[in-house]
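Dumped query39.pdb below, it's PDB, C-alpha atoms:
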ATOM      1  CA  MET A   1      -1.326  10.462  10.749
ATOM      2  CA  ARG A   2      -0.134   7.889  13.232
ATOM      3  CA  ILE A   3       3.572   8.745  12.964
ATOM      4  CA  GLN A   4       2.896  12.432  13.606
ATOM      5  CA  GLU A   5       0.893  11.434  16.660
ATOM      6  CA  LEU A   6       3.748   9.270  17.941
ATOM      7  CA  ASN A   7       6.353  11.941  17.227
ATOM      8  CA  SER A   8       4.360  14.491  19.192
ATOM      9  CA  LYS A   9       4.501  12.381  22.354
ATOM     10  CA  ILE A  10       7.309  12.750  24.838
ATOM     11  CA  VAL A  11       9.599   9.743  25.083
ATOM     12  CA  GLU A  12       8.319   8.675  28.503
ATOM     13  CA  GLU A  13       4.775   8.329  27.101
ATOM     14  CA  LEU A  14       5.814   5.943  24.336
ATOM     15  CA  THR A  15       5.254   2.218  24.743
ATOM     16  CA  LEU A  16       7.594  -0.428  23.347
ATOM     17  CA  GLU A  17       5.082  -1.013  20.542
ATOM     18  CA  ASP A  18       5.107   2.704  19.738
ATOM     19  CA  LEU A  19       8.911   2.678  19.600
ATOM     20  CA  ASP A  20       8.858  -0.376  17.331
ATOM     21  CA  GLU A  21       6.382   1.388  15.049
ATOM     22  CA  ILE A  22       8.569   4.496  14.878
ATOM     23  CA  ARG A  23      11.678   2.379  14.227
ATOM     24  CA  ALA A  24       9.931   0.463  11.432
ATOM     25  CA  TYR A  25       8.710   3.706   9.873
ATOM     26  CA  LYS A  26      12.187   5.280   9.968
ATOM     27  CA  SER A  27      13.654   2.110   8.494
ATOM     28  CA  GLN A  28      11.144   2.247   5.633
ATOM     29  CA  ILE A  29      11.992   5.895   4.990
ATOM     30  CA  ARG A  30      15.695   4.986   4.931
ATOM     31  CA  MET A  31      15.061   2.178   2.431
ATOM     32  CA  LEU A  32      12.937   4.480   0.289
ATOM     33  CA  ASP A  33      15.822   6.942   0.103
ATOM     34  CA  LEU A  34      18.260   4.149  -0.744
ATOM     35  CA  PHE A  35      15.999   2.644  -3.408
ATOM     36  CA  LYS A  36      15.922   6.032  -5.115
ATOM     37  CA  ILE A  37      19.682   5.843  -5.665
ATOM     38  CA  TYR A  38      19.878   2.059  -6.099
ATOM     39  CA  GLY A  39      21.576   1.165  -9.369
ATOM     40  CA  THR A  40      23.243   4.568  -9.725
ATOM     41  CA  SER A  41      26.789   5.655  -9.070
ATOM     42  CA  GLU A  42      25.582   7.594  -6.014
ATOM     43  CA  ILE A  43      25.151   4.474  -3.885
ATOM     44  CA  SER A  44      27.985   3.306  -1.668
ATOM     45  CA  LYS A  45      28.965  -0.301  -1.104
ATOM     46  CA  LYS A  46      27.656  -0.102   2.484
ATOM     47  CA  GLU A  47      24.293   1.260   1.274
ATOM     48  CA  TYR A  48      24.105  -1.403  -1.423
ATOM     49  CA  ILE A  49      24.625  -4.116   1.210
ATOM     50  CA  GLU A  50      21.971  -2.460   3.388
ATOM     51  CA  ILE A  51      19.460  -2.639   0.526
ATOM     52  CA  TYR A  52      20.462  -6.201  -0.274
ATOM     53  CA  ASP A  53      19.946  -7.267   3.352
ATOM     54  CA  PHE A  54      16.571  -5.532   3.372
ATOM     55  CA  MET A  55      15.438  -7.304   0.208
ATOM     56  CA  VAL A  56      16.616 -10.678   1.484
ATOM     57  CA  ASN A  57      15.039 -10.333   4.920
ATOM     58  CA  GLN A  58      11.851  -8.420   4.130
ATOM     59  CA  SER A  59       8.875  -9.601   2.155
ATOM     60  CA  ILE A  60       7.902  -7.059  -0.481
ATOM     61  CA  ASP A  61       4.354  -8.390  -0.208
ATOM     62  CA  GLU A  62       4.308  -7.663   3.506
ATOM     63  CA  LEU A  63       5.691  -4.196   2.972
ATOM     64  CA  MET A  64       3.119  -3.386   0.312
ATOM     65  CA  LEU A  65       0.256  -4.856   2.336
ATOM     66  CA  ASN A  66       1.212  -2.741   5.345
ATOM     67  CA  LYS A  67       0.799   0.374   3.228
ATOM     68  CA  LEU A  68      -2.702  -0.431   1.977
ATOM     69  CA  THR A  69      -5.985   0.337   3.710
ATOM     70  CA  SER A  70      -8.703  -2.315   3.979
ATOM     71  CA  GLU A  71     -10.644  -0.555   1.211
ATOM     72  CA  GLU A  72      -7.574  -0.565  -1.039
ATOM     73  CA  LEU A  73      -7.034  -4.244  -0.262
ATOM     74  CA  ARG A  74     -10.590  -5.076  -1.304
ATOM     75  CA  TYR A  75     -10.105  -3.164  -4.545
ATOM     76  CA  ALA A  76      -6.755  -4.913  -5.132
ATOM     77  CA  LYS A  77      -8.314  -8.312  -4.496
ATOM     78  CA  ASP A  78     -11.059  -7.586  -7.040
ATOM     79  CA  GLN A  79      -8.508  -6.439  -9.611
ATOM     80  CA  ILE A  80      -6.308  -9.486  -9.023
ATOM     81  CA  GLN A  81      -9.340 -11.745  -9.393
ATOM     82  CA  TYR A  82     -10.286 -10.037 -12.650
ATOM     83  CA  PHE A  83      -6.794 -10.192 -14.153
ATOM     84  CA  SER A  84      -6.336 -13.795 -13.041
ATOM     85  CA  GLN A  85      -9.267 -14.738 -15.260
ATOM     86  CA  ILE A  86      -8.143 -13.087 -18.495
ATOM     87  CA  PRO A  87      -6.369 -15.062 -21.245
ATOM     88  CA  ASN A  88      -2.594 -15.526 -21.067
ATOM     89  CA  GLU A  89      -1.822 -13.214 -23.984
ATOM     90  CA  GLU A  90      -3.845 -10.336 -22.541
ATOM     91  CA  LEU A  91      -2.299 -10.780 -19.111
ATOM     92  CA  ARG A  92       1.216 -10.902 -20.586
ATOM     93  CA  LYS A  93       0.507  -7.710 -22.557
ATOM     94  CA  LYS A  94      -0.871  -5.939 -19.447
ATOM     95  CA  VAL A  95       2.107  -6.945 -17.296
ATOM     96  CA  ASN A  96       4.667  -5.968 -19.949
ATOM     97  CA  GLU A  97       3.013  -2.603 -20.557
ATOM     98  CA  GLU A  98       2.746  -1.646 -16.885
ATOM     99  CA  GLN A  99       6.279  -2.783 -16.072
ATOM    100  CA  LYS A 100       7.743  -0.226 -18.453
ATOM    101  CA  ALA A 101       9.521   2.419 -16.370
ATOM    102  CA  ASP A 102       7.401   5.335 -17.604
ATOM    103  CA  ASN A 103       4.167   3.519 -16.809
ATOM    104  CA  TYR A 104       5.288   1.931 -13.546
ATOM    105  CA  GLU A 105       6.239   5.278 -12.022
ATOM    106  CA  LYS A 106       2.666   6.504 -12.547
ATOM    107  CA  LEU A 107       1.051   3.566 -10.749
ATOM    108  CA  SER A 108      -0.527   4.028  -7.343
ATOM    109  CA  MET A 109       0.528   1.765  -4.476
ATOM    110  CA  VAL A 110      -2.619  -0.321  -5.033
ATOM    111  CA  ASP A 111      -1.937  -0.689  -8.738
ATOM    112  CA  SER A 112       1.710  -1.537  -8.020
ATOM    113  CA  TYR A 113       0.573  -4.259  -5.637
ATOM    114  CA  VAL A 114      -1.900  -5.612  -8.202
ATOM    115  CA  LEU A 115       0.852  -5.616 -10.834
ATOM    116  CA  HIS A 116       3.189  -7.389  -8.421
ATOM    117  CA  ILE A 117       0.668 -10.180  -7.850
ATOM    118  CA  ILE A 118      -0.507 -10.547 -11.451
ATOM    119  CA  SER A 119       3.139 -10.681 -12.538
ATOM    120  CA  ARG A 120       3.430 -13.794 -10.401
ATOM    121  CA  VAL A 121       0.281 -15.216 -11.980
ATOM    122  CA  ASP A 122       1.734 -14.529 -15.426
ATOM    123  CA  PHE A 123       5.062 -16.091 -14.435
ATOM    124  CA  ALA A 124       3.331 -19.208 -13.072
ATOM    125  CA  ARG A 125       1.305 -19.555 -16.262
ATOM    126  CA  ASN A 126       4.427 -19.209 -18.393
ATOM    127  CA  MET A 127       6.273 -21.786 -16.276
ATOM    128  CA  THR A 128       3.360 -24.219 -16.613
ATOM    129  CA  LYS A 129       3.357 -23.731 -20.384
ATOM    130  CA  LEU A 130       7.132 -24.199 -20.545
ATOM    131  CA  ASN A 131       6.940 -27.362 -18.431
ATOM    132  CA  ARG A 132       4.281 -28.796 -20.753
ATOM    133  CA  GLU A 133       6.461 -27.997 -23.791
ATOM    134  CA  ILE A 134       9.510 -29.603 -22.165
ATOM    135  CA  GLU A 135       7.521 -32.716 -21.233
ATOM    136  CA  ALA A 136       6.194 -32.983 -24.792
ATOM    137  CA  GLN A 137       9.723 -32.649 -26.177
ATOM    138  CA  LEU A 138      11.004 -35.286 -23.746
ATOM    139  CA  ARG A 139       8.231 -37.693 -24.799
ATOM    140  CA  GLU A 140       9.061 -37.033 -28.443
ATOM    141  CA  ASN A 141      12.764 -37.586 -27.793
ATOM    142  CA  ASP A 142      12.007 -40.813 -25.908
ATOM    143  CA  ALA A 143       9.866 -42.094 -28.785
ATOM    144  CA  MET A 144      12.661 -41.266 -31.240
ATOM    145  CA  ARG A 145      15.187 -43.019 -28.992
ATOM    146  CA  GLN A 146      12.969 -46.107 -28.832
ATOM    147  CA  ARG A 147      12.602 -46.196 -32.645
ATOM    148  CA  SER A 148      16.339 -45.698 -33.110
ATOM    149  CA  LEU A 149      17.103 -48.471 -30.641
ATOM    150  CA  TYR A 150      14.638 -50.798 -32.359
ATOM    151  CA  PHE A 151      16.028 -50.145 -35.837
ATOM    152  CA  SER A 152      19.661 -50.280 -34.731
ATOM    153  CA  SER A 153      19.158 -53.630 -33.027
ATOM    154  CA  ASN A 154      17.274 -55.015 -36.067
ATOM    155  CA  PRO A 155      19.352 -53.892 -39.075
ATOM    156  CA  TYR A 156      17.380 -55.987 -41.581
ATOM    157  CA  ILE A 157      14.049 -54.304 -40.939
ATOM    158  CA  LYS A 158      13.082 -51.702 -43.535
ATOM    159  CA  LYS A 159      12.027 -48.350 -42.243
TER     160      LYS A 159
END
In structure tokens, what does this structure look like?
Amino acid sequence: MRIQELNSKIVEELTLEDLDEIRAYKSQIRMLDLFKIYGTSEISKKEYIEIYDFMVNQSIDELMLNKLTSEELRYAKDQIQYFSQIPNEELRKKVNEEQKADNYEKLSMVDSYVLHIISRVDFARNMTKLNREIEAQLRENDAMRQRSLYFSSNPYIKK
């Protein structure tokens, strides 16, 4: 493993890139430990702020992508493509089922990444559907307003 290789070198042999890689790895390990206690009474205010800063400044996509091999990425891409093509109801069911705590904990990193991306697809679909429903309701409300205005300005017209 790359980190073991870097840790076995003496400090003078390490390049700046090596040191950056070690620092990033240790930071990820720190965040992993903090995420394990996140949302519990074990976490301190300082640790909570550390996690918050991490989440604000780091892309979860980037973090997940860094952990996947090229083979895993190809598999993930195929899975994302497949799930992006299934009907809304099936996708919603899949996302809801896999996001349950018991199921999510069993997912591999690849499957977690796929779930992360298809959750966005599901969210986008739901937002599109909601926007269409809102627009339809607005058109209906506008038509009702126009009829009300017409009839209120012409009180002798029978409805």
Taking the file as shown, what set of residues would the PyMOL selection byres ((chain A and resi 120) around 12) give back, as a VMD selection string? chain A and resid 61 80 83 to 84 91 to 92 95 113 to 119 121 to 127
Atoms kept (C-alpha atoms) for selection, written as an mmCIF file, in the frame of the given file:
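The file below, selection.cif, is the result:
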data_model
loop_
_atom_site.group_PDB
_atom_site.id
_atom_site.type_symbol
_atom_site.label_atom_id
_atom_site.label_comp_id
_atom_site.auth_asym_id
_atom_site.auth_seq_id
_atom_site.Cartn_x
_atom_site.Cartn_y
_atom_site.Cartn_z
ATOM 1 C CA ASP A 61 4.354 -8.390 -0.208
ATOM 2 C CA ILE A 80 -6.308 -9.486 -9.023
ATOM 3 C CA PHE A 83 -6.794 -10.192 -14.153
ATOM 4 C CA SER A 84 -6.336 -13.795 -13.041
ATOM 5 C CA LEU A 91 -2.299 -10.780 -19.111
ATOM 6 C CA ARG A 92 1.216 -10.902 -20.586
ATOM 7 C CA VAL A 95 2.107 -6.945 -17.296
ATOM 8 C CA TYR A 113 0.573 -4.259 -5.637
ATOM 9 C CA VAL A 114 -1.900 -5.612 -8.202
ATOM 10 C CA LEU A 115 0.852 -5.616 -10.834
ATOM 11 C CA HIS A 116 3.189 -7.389 -8.421
ATOM 12 C CA ILE A 117 0.668 -10.180 -7.850
ATOM 13 C CA ILE A 118 -0.507 -10.547 -11.451
ATOM 14 C CA SER A 119 3.139 -10.681 -12.538
ATOM 15 C CA VAL A 121 0.281 -15.216 -11.980
ATOM 16 C CA ASP A 122 1.734 -14.529 -15.426
ATOM 17 C CA PHE A 123 5.062 -16.091 -14.435
ATOM 18 C CA ALA A 124 3.331 -19.208 -13.072
ATOM 19 C CA ARG A 125 1.305 -19.555 -16.262
ATOM 20 C CA ASN A 126 4.427 -19.209 -18.393
ATOM 21 C CA MET A 127 6.273 -21.786 -16.276
#
Quote the spacing between CA of Gln79 in chain A and CA of Gln28 in chain A in Å to one decimal place. 26.3 Å
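Among A:Asp142, A:Glu133, A:Glu72, A:Glu89, the residue with the shortest atom-to-atom distance to Ser108 in chain A, counting all atoms listed in the file, is A:Glu72.
Nearest residue to Met64 in chain A, choosing from A:Phe35, A:Ser112, A:Arg30, A:Asn88 and counting all atoms listed in the file: A:Ser112.
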In Å, how far is it from CA of Ile60 in chain A to CA of Asp111 in chain A?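 Answer for the CA of Ile60 in chain A to CA of Asp111 in chain A separation: 14.3 Å.
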Atom pair CA of Asp18 in chain A / CA of Ile3 in chain A: separation (Å):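 Here the two named atoms are 9.2 Å from each other.
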